[in-house]
$ cat run-v5.txt   # compact mmCIF, C-alpha atoms
# COMPACT_ATOMS: atom_id res chain seq x y z
CA ALA A 1 191.63 104.96 -54.09
CA CYS A 2 188.54 104.05 -52.20
CA PRO A 3 188.17 106.54 -49.32
CA SER A 4 188.66 105.58 -45.66
CA GLY A 5 190.20 102.26 -46.51
CA PHE A 6 186.97 100.54 -47.46
CA ALA A 7 186.04 98.85 -50.69
CA PHE A 8 182.89 97.56 -52.34
CA ARG A 9 182.58 94.92 -55.04
CA PHE A 10 181.01 96.68 -57.99
CA LEU A 11 178.55 94.61 -59.97
CA ASP A 12 177.75 96.16 -63.32
CA SER A 13 174.09 95.38 -63.92
CA ALA A 14 172.53 96.11 -67.27
CA ARG A 15 169.96 98.84 -67.08
CA PRO A 16 167.00 98.99 -69.47
CA ARG A 17 167.71 101.44 -72.24
CA PRO A 18 165.17 104.17 -73.10
CA PRO A 19 163.32 103.63 -76.38
CA CYS A 20 164.83 105.33 -79.38
CA ARG A 21 163.16 108.37 -80.86
CA SER A 22 161.65 106.53 -83.82
CA ALA A 23 160.20 103.79 -81.60
CA LEU A 24 158.69 106.39 -79.30
CA LEU A 25 157.11 108.27 -82.19
CA GLY A 26 155.71 105.00 -83.56
CA LEU A 27 154.15 104.28 -80.19
CA ILE A 28 152.65 107.76 -80.13
CA VAL A 29 151.09 107.29 -83.58
CA VAL A 30 149.50 103.96 -82.65
CA ARG A 31 148.12 105.36 -79.41
CA THR A 32 146.88 108.46 -81.25
CA ARG A 33 144.89 106.46 -83.81
CA ARG A 34 143.25 104.31 -81.14
CA SER A 35 142.49 107.38 -79.06
CA ASN A 36 140.86 109.10 -82.03
CA GLU A 37 138.61 106.13 -82.73
CA ARG A 38 137.41 105.88 -79.12
CA THR A 39 136.83 109.55 -78.45
CA VAL A 40 135.46 111.04 -81.68
CA SER A 41 131.83 110.85 -80.51
CA GLY A 42 132.66 112.49 -77.22
CA LEU A 43 134.52 115.26 -78.98
CA GLN A 44 131.59 115.96 -81.32
CA SER A 45 129.25 116.33 -78.38
CA ARG A 46 131.59 118.97 -76.92
CA LYS A 47 131.46 120.89 -80.26
CA THR A 48 135.16 121.31 -80.56
CA SER A 49 137.15 121.31 -83.77
CA LYS A 50 140.49 120.54 -82.11
CA MET A 51 141.77 117.14 -83.13
CA PRO A 52 142.84 114.94 -80.22
CA GLY A 53 145.97 112.91 -79.95
CA SER A 54 148.57 115.61 -80.47
CA VAL A 55 152.17 114.59 -79.83
CA LYS A 56 152.39 116.79 -76.76
CA SER A 57 149.25 115.42 -75.12
CA ASP A 58 150.09 111.83 -75.96
CA VAL A 59 153.61 112.03 -74.58
CA SER A 60 152.13 113.44 -71.41
CA SER A 61 149.77 110.50 -71.18
CA LEU A 62 152.67 108.07 -71.28
CA ALA A 63 153.84 109.38 -67.93
CA SER A 64 150.36 109.43 -66.38
CA PRO A 65 148.91 106.61 -64.28
CA PRO A 66 146.47 104.20 -65.98
CA ARG A 67 143.00 105.65 -66.45
CA SER A 68 141.56 102.85 -64.30
CA GLN A 69 143.52 104.24 -61.37
CA ARG A 70 142.37 107.83 -61.87
CA LYS A 71 139.10 109.20 -60.66
CA GLY A 72 136.76 111.09 -62.95
CA ASP A 73 133.19 112.28 -63.33
CA SER A 74 130.42 110.56 -65.31
CA ASN A 75 131.67 112.09 -68.59
CA GLY A 76 135.17 110.75 -68.06
CA ALA A 77 136.71 114.14 -67.24
CA LEU A 78 139.48 113.86 -64.69
CA SER A 79 138.96 115.54 -61.35
CA PRO A 80 141.87 117.37 -59.69
CA SER A 81 143.81 115.53 -57.00
CA PRO A 82 142.47 116.31 -53.53
CA LYS A 83 144.65 118.55 -51.41
CA LYS A 84 146.24 117.05 -48.34
CA ALA A 85 144.23 117.97 -45.28
CA GLU A 86 146.00 120.47 -43.07
CA GLY A 87 145.79 120.31 -39.31
CA PRO A 88 144.71 123.13 -37.03
CA LEU A 89 146.92 126.04 -36.09
CA PRO A 90 148.59 125.85 -32.69
CA PRO A 91 147.18 128.14 -29.98
CA PRO A 92 148.52 131.72 -30.34
CA SER A 93 149.83 131.51 -26.79
CA SER A 94 152.25 128.70 -27.78
CA TYR A 95 154.40 130.84 -30.09
CA ILE A 96 155.66 134.41 -30.47
CA ARG A 97 155.32 136.44 -33.66
CA VAL A 98 158.38 138.60 -34.26
CA GLU A 99 159.60 141.02 -36.93
CA TYR A 100 162.83 141.15 -38.93
CA GLY A 101 164.67 143.43 -36.52
CA ASP A 102 163.77 141.59 -33.30
CA ARG A 103 166.90 140.90 -31.22
CA ARG A 104 165.48 137.64 -29.94
CA VAL A 105 166.18 136.00 -33.31
CA GLU A 106 169.63 137.53 -33.73
CA VAL A 107 171.31 134.13 -33.38
CA TYR A 108 169.62 133.02 -36.62
CA ARG A 109 170.83 135.99 -38.65
CA ASN A 110 173.22 135.42 -41.61
CA LEU A 111 173.60 131.69 -41.04
CA LYS A 112 176.38 131.02 -43.54
CA GLU A 113 178.52 133.89 -42.26
CA ARG A 114 178.10 132.77 -38.67
CA ASP A 115 178.97 129.20 -39.67
CA VAL A 116 182.46 130.54 -40.41
CA THR A 117 182.88 132.97 -37.54
CA GLY A 118 181.37 130.64 -34.92
CA ARG A 119 178.57 130.93 -32.36
CA GLY A 120 180.32 130.41 -29.05
CA ASP A 121 178.51 128.04 -26.71
CA VAL A 122 175.44 127.48 -28.92
CA PHE A 123 174.81 125.65 -32.18
CA ILE A 124 172.12 125.83 -34.88
CA LEU A 125 169.91 123.01 -36.13
CA GLU A 126 167.92 123.04 -39.34
CA GLY A 127 164.97 120.91 -40.37
CA GLU A 128 162.03 119.44 -38.52
CA ASN A 129 163.62 116.00 -38.07
CA SER A 130 166.64 117.43 -36.28
CA VAL A 131 164.46 119.46 -33.94
CA ARG A 132 162.28 116.45 -33.16
CA ASN A 133 165.36 114.31 -32.46
CA LEU A 134 166.74 116.88 -30.07
CA VAL A 135 163.41 117.14 -28.24
CA ARG A 136 162.93 113.36 -28.12
CA ASN A 137 166.43 112.01 -27.52
CA GLY A 138 168.88 114.88 -27.34
CA ARG A 139 171.37 115.34 -24.56
CA MET A 140 171.58 119.12 -25.01
CA PRO A 141 169.15 121.80 -23.85
CA LEU A 142 167.11 123.58 -26.50
CA VAL A 143 167.35 127.37 -26.31
CA SER A 144 164.74 128.43 -28.90
CA VAL A 145 163.07 127.56 -32.19
CA CYS A 146 162.54 129.87 -35.19
CA LEU A 147 159.91 129.10 -37.84
CA SER A 148 158.55 130.47 -41.07
CA GLU A 149 154.82 131.02 -40.60
CA ARG A 150 154.01 128.42 -43.26
CA ARG A 151 155.33 125.77 -40.86
CA LEU A 152 152.81 126.57 -38.13
CA ARG A 153 150.21 123.97 -39.09
CA PRO A 154 152.58 121.06 -39.88
CA MET A 155 154.45 121.56 -36.61
CA ALA A 156 151.50 122.42 -34.38
CA PRO A 157 151.84 119.41 -32.01
CA LEU A 158 155.57 120.01 -31.58
CA ILE A 159 155.06 123.72 -31.00
CA GLU A 160 152.56 122.98 -28.23
CA ALA A 161 154.97 120.48 -26.66
CA LEU A 162 157.80 123.04 -26.73
CA SER A 163 155.53 125.62 -25.15
CA ARG A 164 154.80 123.26 -22.25
CA HIS A 165 158.55 123.01 -21.65
CA ASN A 166 159.00 126.81 -21.78
CA VAL A 167 161.01 126.78 -25.01
CA PRO A 168 160.22 129.97 -26.97
CA VAL A 169 159.07 129.45 -30.57
CA TYR A 170 159.55 132.55 -32.73
CA VAL A 171 157.51 132.86 -35.94
CA LEU A 172 158.23 135.21 -38.84
CA LYS A 173 156.59 135.84 -42.17
CA SER A 174 158.21 133.83 -44.95
CA ASP A 175 160.03 136.76 -46.57
CA ALA A 176 161.32 138.04 -43.23
CA PHE A 177 162.50 134.53 -42.33
CA SER A 178 164.58 134.26 -45.51
CA SER A 179 165.94 137.78 -45.02
CA ILE A 180 167.19 136.97 -41.53
CA VAL A 181 168.72 133.66 -42.55
CA GLY A 182 170.43 135.34 -45.51
CA PHE A 183 169.23 133.01 -48.27
CA ASN A 184 166.08 131.27 -49.44
CA PHE A 185 165.79 128.66 -46.72
CA HIS A 186 162.93 126.44 -47.88
CA ARG A 187 162.83 124.16 -44.83
CA GLY A 188 161.54 126.99 -42.69
CA VAL A 189 162.62 125.37 -39.41
CA LEU A 190 165.62 126.39 -37.29
CA ALA A 191 166.52 125.79 -33.67
CA CYS A 192 169.25 126.89 -31.31
CA GLY A 193 170.78 124.47 -28.81
CA LYS A 194 173.23 124.80 -25.95
CA ARG A 195 176.58 123.09 -26.44
CA PRO A 196 177.49 120.61 -23.71
CA ARG A 197 180.95 120.36 -22.22
CA LEU A 198 183.17 118.50 -24.67
CA LEU A 199 184.28 115.22 -23.12
CA GLU A 200 187.67 113.52 -23.38
CA PRO A 201 187.73 110.15 -25.23
CA PRO A 202 188.22 108.12 -22.01
CA GLU A 203 185.23 109.87 -20.39
CA VAL A 204 182.93 108.87 -23.25
CA ALA A 205 184.33 105.33 -23.45
CA ARG A 206 183.83 104.76 -19.71
CA GLN A 207 180.13 105.58 -20.07
CA LEU A 208 179.64 102.48 -22.25
CA PRO A 209 178.55 99.16 -20.70
CA GLY A 210 181.56 97.50 -19.09
CA GLU A 211 180.70 94.02 -20.38
CA GLY A 212 178.94 92.40 -23.31
CA HIS A 213 178.43 93.56 -26.86
CA SER A 214 179.65 97.04 -27.76
CA THR A 215 180.47 98.72 -31.07
CA ILE A 216 181.95 102.19 -31.39
CA ILE A 217 183.33 104.27 -34.26
CA LEU A 218 186.76 105.90 -34.26
CA GLY A 219 187.53 108.62 -36.80
CA GLU A 220 190.82 110.14 -37.91
CA THR A 221 190.70 113.52 -39.68
CA ILE A 222 187.09 113.13 -40.85
CA ASN A 223 186.85 116.71 -42.10
CA ASN A 224 184.05 116.35 -44.66
CA LEU A 225 180.79 117.50 -43.06
CA ASP A 226 178.63 115.09 -45.05
CA ASN A 227 180.78 112.19 -43.89
CA VAL A 228 180.70 113.30 -40.27
CA GLY A 229 176.92 113.50 -40.37
CA GLY A 230 176.71 110.17 -42.19
CA LEU A 231 178.84 108.46 -39.54
CA PHE A 232 176.44 109.55 -36.81
CA ARG A 233 173.39 108.55 -38.82
CA ASN A 234 174.80 105.05 -39.37
CA ALA A 235 175.98 104.85 -35.77
CA ALA A 236 172.43 105.47 -34.58
CA ALA A 237 170.93 103.04 -37.10
CA PHE A 238 173.22 100.17 -36.12
CA GLY A 239 173.26 100.76 -32.36
CA CYS A 240 176.81 102.03 -31.93
CA GLY A 241 177.44 103.28 -28.42
CA ALA A 242 179.68 106.26 -29.26
CA VAL A 243 181.69 108.08 -31.92
CA LEU A 244 185.23 109.11 -30.91
CA LEU A 245 186.85 111.61 -33.29
CA ASP A 246 190.31 113.14 -33.15
CA ASP A 247 190.74 116.90 -32.87
CA LYS A 248 191.39 117.21 -36.63
CA SER A 249 187.89 116.04 -37.50
CA ALA A 250 185.00 118.39 -38.25
CA ASP A 251 182.52 119.46 -35.59
CA PRO A 252 179.50 117.08 -35.41
CA LEU A 253 177.37 120.00 -34.20
CA TYR A 254 178.12 122.09 -37.27
CA ARG A 255 174.82 122.95 -38.96
CA LYS A 256 175.33 120.85 -42.10
CA ALA A 257 176.74 117.85 -40.21
CA CYS A 258 173.71 117.90 -37.91
CA ARG A 259 171.34 118.02 -40.86
CA VAL A 260 173.02 115.11 -42.67
CA SER A 261 172.97 113.09 -39.44
CA GLY A 262 169.19 113.53 -39.28
CA GLY A 263 169.69 115.00 -35.82
CA HIS A 264 171.43 111.87 -34.49
CA ALA A 265 174.63 113.80 -33.79
CA LEU A 266 172.58 115.18 -30.90
CA ASN A 267 171.94 111.85 -29.17
CA VAL A 268 174.92 109.59 -29.97
CA PRO A 269 177.67 110.29 -27.37
CA PHE A 270 180.86 111.63 -28.92
CA SER A 271 184.20 113.25 -28.26
CA ARG A 272 186.43 115.40 -30.47
CA ILE A 273 189.52 115.97 -28.36
CA GLY A 274 193.07 114.66 -28.62
CA SER A 275 195.07 112.80 -31.23
CA ILE A 276 194.07 109.58 -32.96
CA GLY A 277 196.45 107.84 -30.54
CA ASP A 278 194.39 109.14 -27.60
CA VAL A 279 191.19 107.95 -29.29
CA ILE A 280 192.54 104.45 -29.95
CA SER A 281 193.93 104.17 -26.42
CA ALA A 282 190.51 105.01 -24.94
CA ALA A 283 188.88 102.29 -27.05
CA LYS A 284 191.46 99.66 -26.06
CA ALA A 285 191.23 100.61 -22.38
CA THR A 286 187.55 99.64 -22.40
CA GLY A 287 188.18 96.23 -23.98
CA HIS A 288 187.45 97.06 -27.62
CA VAL A 289 189.35 95.36 -30.43
CA VAL A 290 190.39 98.14 -32.83
CA VAL A 291 189.66 97.19 -36.46
CA ALA A 292 191.18 99.52 -39.07
CA LEU A 293 189.40 99.62 -42.44
CA VAL A 294 191.83 99.98 -45.33
CA THR A 295 191.84 99.33 -49.06
CA PRO A 296 193.55 96.23 -50.49
CA SER A 297 197.29 96.36 -51.08
CA THR A 298 196.59 96.49 -54.82
CA SER A 299 194.94 99.92 -54.50
CA ASP A 300 196.61 103.31 -54.89
CA ARG A 301 197.23 103.81 -51.18
CA GLU A 302 200.68 103.94 -49.60
CA ASN A 303 201.40 100.32 -48.72
CA ALA A 304 204.89 100.43 -47.24
CA VAL A 305 203.34 99.50 -43.89
CA ASP A 306 202.32 96.14 -45.37
CA ALA A 307 205.94 95.02 -45.45
CA ASP A 308 206.23 95.56 -41.67
CA ILE A 309 202.92 94.29 -40.31
CA GLY A 310 201.53 92.24 -43.18
CA GLU A 311 198.82 92.83 -45.73
CA PRO A 312 195.26 93.58 -44.59
CA ILE A 313 193.02 90.58 -44.00
CA PRO A 314 189.97 90.06 -46.22
CA LEU A 315 186.85 90.65 -44.14
CA ASP A 316 185.35 87.19 -44.73
CA ALA A 317 188.58 85.50 -43.65
CA TRP A 318 188.86 87.27 -40.30
CA ARG A 319 187.74 85.10 -37.38
CA PRO A 320 184.58 83.76 -39.05
CA GLY A 321 181.95 82.73 -36.52
CA HIS A 322 183.78 83.96 -33.43
CA ARG A 323 184.44 87.66 -33.78
CA PRO A 324 184.94 89.73 -30.62
CA GLU A 325 181.94 91.19 -28.82
CA ARG A 326 183.55 94.59 -28.37
CA LEU A 327 184.65 96.30 -31.57
CA ALA A 328 186.02 99.74 -32.39
CA VAL A 329 185.80 100.44 -36.13
CA LEU A 330 188.57 102.83 -37.19
CA VAL A 331 188.10 104.89 -40.37
CA GLY A 332 190.05 107.70 -41.97
CA ALA A 333 189.52 110.71 -44.17
CA GLU A 334 187.97 110.36 -47.60
CA GLY A 335 190.78 110.21 -50.12
CA PRO A 336 193.97 109.66 -48.11
CA GLY A 337 192.42 107.15 -45.71
CA LEU A 338 194.09 106.22 -42.43
CA THR A 339 197.61 107.39 -41.70
CA GLU A 340 200.35 104.81 -41.30
CA ALA A 341 200.62 105.69 -37.61
CA ALA A 342 196.93 104.96 -37.03
CA GLN A 343 197.17 101.66 -38.90
CA ARG A 344 200.09 100.53 -36.75
CA LEU A 345 198.08 101.24 -33.57
CA ALA A 346 195.14 99.08 -34.66
CA ASP A 347 194.78 95.46 -33.56
CA VAL A 348 193.90 94.30 -37.06
CA ARG A 349 193.48 95.76 -40.54
CA LEU A 350 190.62 94.57 -42.72
CA CYS A 351 189.69 95.07 -46.37
CA ILE A 352 187.18 93.73 -48.88
CA PRO A 353 188.61 92.19 -52.04
CA MET A 354 187.02 93.72 -55.12
CA ASP A 355 187.28 93.74 -58.90
CA GLY A 356 187.35 97.51 -59.25
CA MET A 357 187.73 100.53 -56.99
CA VAL A 358 184.59 102.59 -56.52
CA PRO A 359 184.51 105.76 -54.36
CA CYS A 360 181.91 104.97 -51.72
CA GLY A 361 182.45 107.52 -48.92
CA VAL A 362 183.67 107.03 -45.40
CA ARG A 363 180.12 107.03 -44.02
CA ASN A 364 179.48 103.77 -45.90
CA ALA A 365 182.64 102.17 -44.57
CA ILE A 366 181.18 101.30 -41.18
CA ILE A 367 178.23 99.43 -42.70

$ encode --input "run-v5.txt" --output "structure tokens"
Amino acid sequence: ACPSGFAFRFLDSARPRPPCRSALLGLIVVRTRRSNERTVSGLQSRKTSKMPGSVKSDVSSLASPPRSQRKGDSNGALSPSPKKAEGPLPPPSSYIRVEYGDRRVEVYRNLKERDVTGRGDVFILEGENSVRNLVRNGRMPLVSVCLSERRLRPMAPLIEALSRHNVPVYVLKSDAFSSIVGFNFHRGVLACGKRPRLLEPPEVARQLPGEGHSTIILGETINNLDNVGGLFRNAAAFGCGAVLLDDKSADPLYRKACRVSGGHALNVPFSRIGSIGDVISAAKATGHVVVALVTPSTSDRENAVDADIGEPIPLDAWRPGHRPERLAVLVGAEGPGLTEAAQRLADVRLCIPMDGMVPCGVRNAII
């Protein structure tokens, strides 16, 4: 069944097939002969006895850009690609060099183990984009940042900005950084934030504009971290005002969920308290029409509820041209989808008719 009650129409487009082995070898031979004819004089001047146009070199040339687009010297020899210019180092006063055993970076030690045991009132971010989002738009205070020394130049402007706001930036040598984290962490950027007080669904819903257009996301048992992060990423992209999750859903501030969200779990208001009934009630109390996304009745889902409240309405057939301004899009867990209880609480159930069922992920459902 398509997860979270959403379906896509799958169009099977023909993809170009790779050339067969014999055709490829024929192409190589033709290119080799032409190459030999053009370059024999140049090869003699270099006093080399190696014949050009070997299979290995010619196959490599097939994947190379056209010679007209590649720079070379007067003899036609290719020059190496120029290295990307690196910026200056940040001032030494803007960061703090620490060693492996320094207690100030204890919160970053053994990340995967601490993911399981918990971190109390703080959470960990990974990746430069997440840190930038928290600095630019985040609603939570930043406690500290921890970097591998190879990230000093690329992040110099951000490091200086953090220093001006009295946020300590700790820098370790690359091997020490990986040793503290507990695995080879190639991103080289971590940050620690302070968890805010977790709000009840009605508190978050009341912070939305009281009138006019409003779209929010409601989630029931969204326990896959990639899907939680994807919901927040899409919510930010499409201007959703909030994400209201039930207490069975995964933590949006979990390290992986934050990374998948691109840091947007830090700036989209959310709640993760109460049952799905509490979440739906908060949405309805603020004037939102609750739209449950389900798969068609012909899918593998349990469809006993259809006999009581009717089959889901195809999306295109639902109020075309005059849909409500305030919508709450209700999605369920990948695989089982929405429970029957959640579907009965919704104002309407929608689906997309399709020729075949394709797993597309709950994060795509809201699009």

$ residues_around --input "run-v5.txt" --residues "range 150-167 of chain A" --least-positions-apart "6" --cutoff "6 Å" --atoms "all atoms listed in the file" --output "PyMOL selection string"
chain A and resi 87-90+94+144

$ axis_aligned_box --input "run-v5.txt" --around "range 236-244 of chain A" --padding-each-side "3 Å" --output "lines of an AutoDock Vina configuration file"
center_x = 178.1
center_y = 104.6
center_z = -32.8
size_x = 20.3
size_y = 14.9
size_z = 14.7

$ closest_residue --input "run-v5.txt" --among "A:Ile180, A:Val289, A:Cys351, A:Ala333" --to "Glu311 in chain A" --atoms "only C-alpha atoms"
A:Cys351

$ closest_residue --input "run-v5.txt" --among "A:Ala304, A:Val131, A:Val294, A:Leu253" --to "Arg187 in chain A" --atoms "all atoms listed in the file"
A:Val131

$ closest_residue --input "run-v5.txt" --among "A:Lys248, A:Arg195, A:His322, A:Arg259" --to "Leu142 in chain A" --atoms "all atoms listed in the file"
A:Arg195

$ atom_distance --input "run-v5.txt" --atom1 "CA of Val181 in chain A" --atom2 "CA of Glu128 in chain A"
16.2 Å

$ atom_distance --input "run-v5.txt" --atom1 "CA of Ser281 in chain A" --atom2 "CA of Val305 in chain A"
20.4 Å
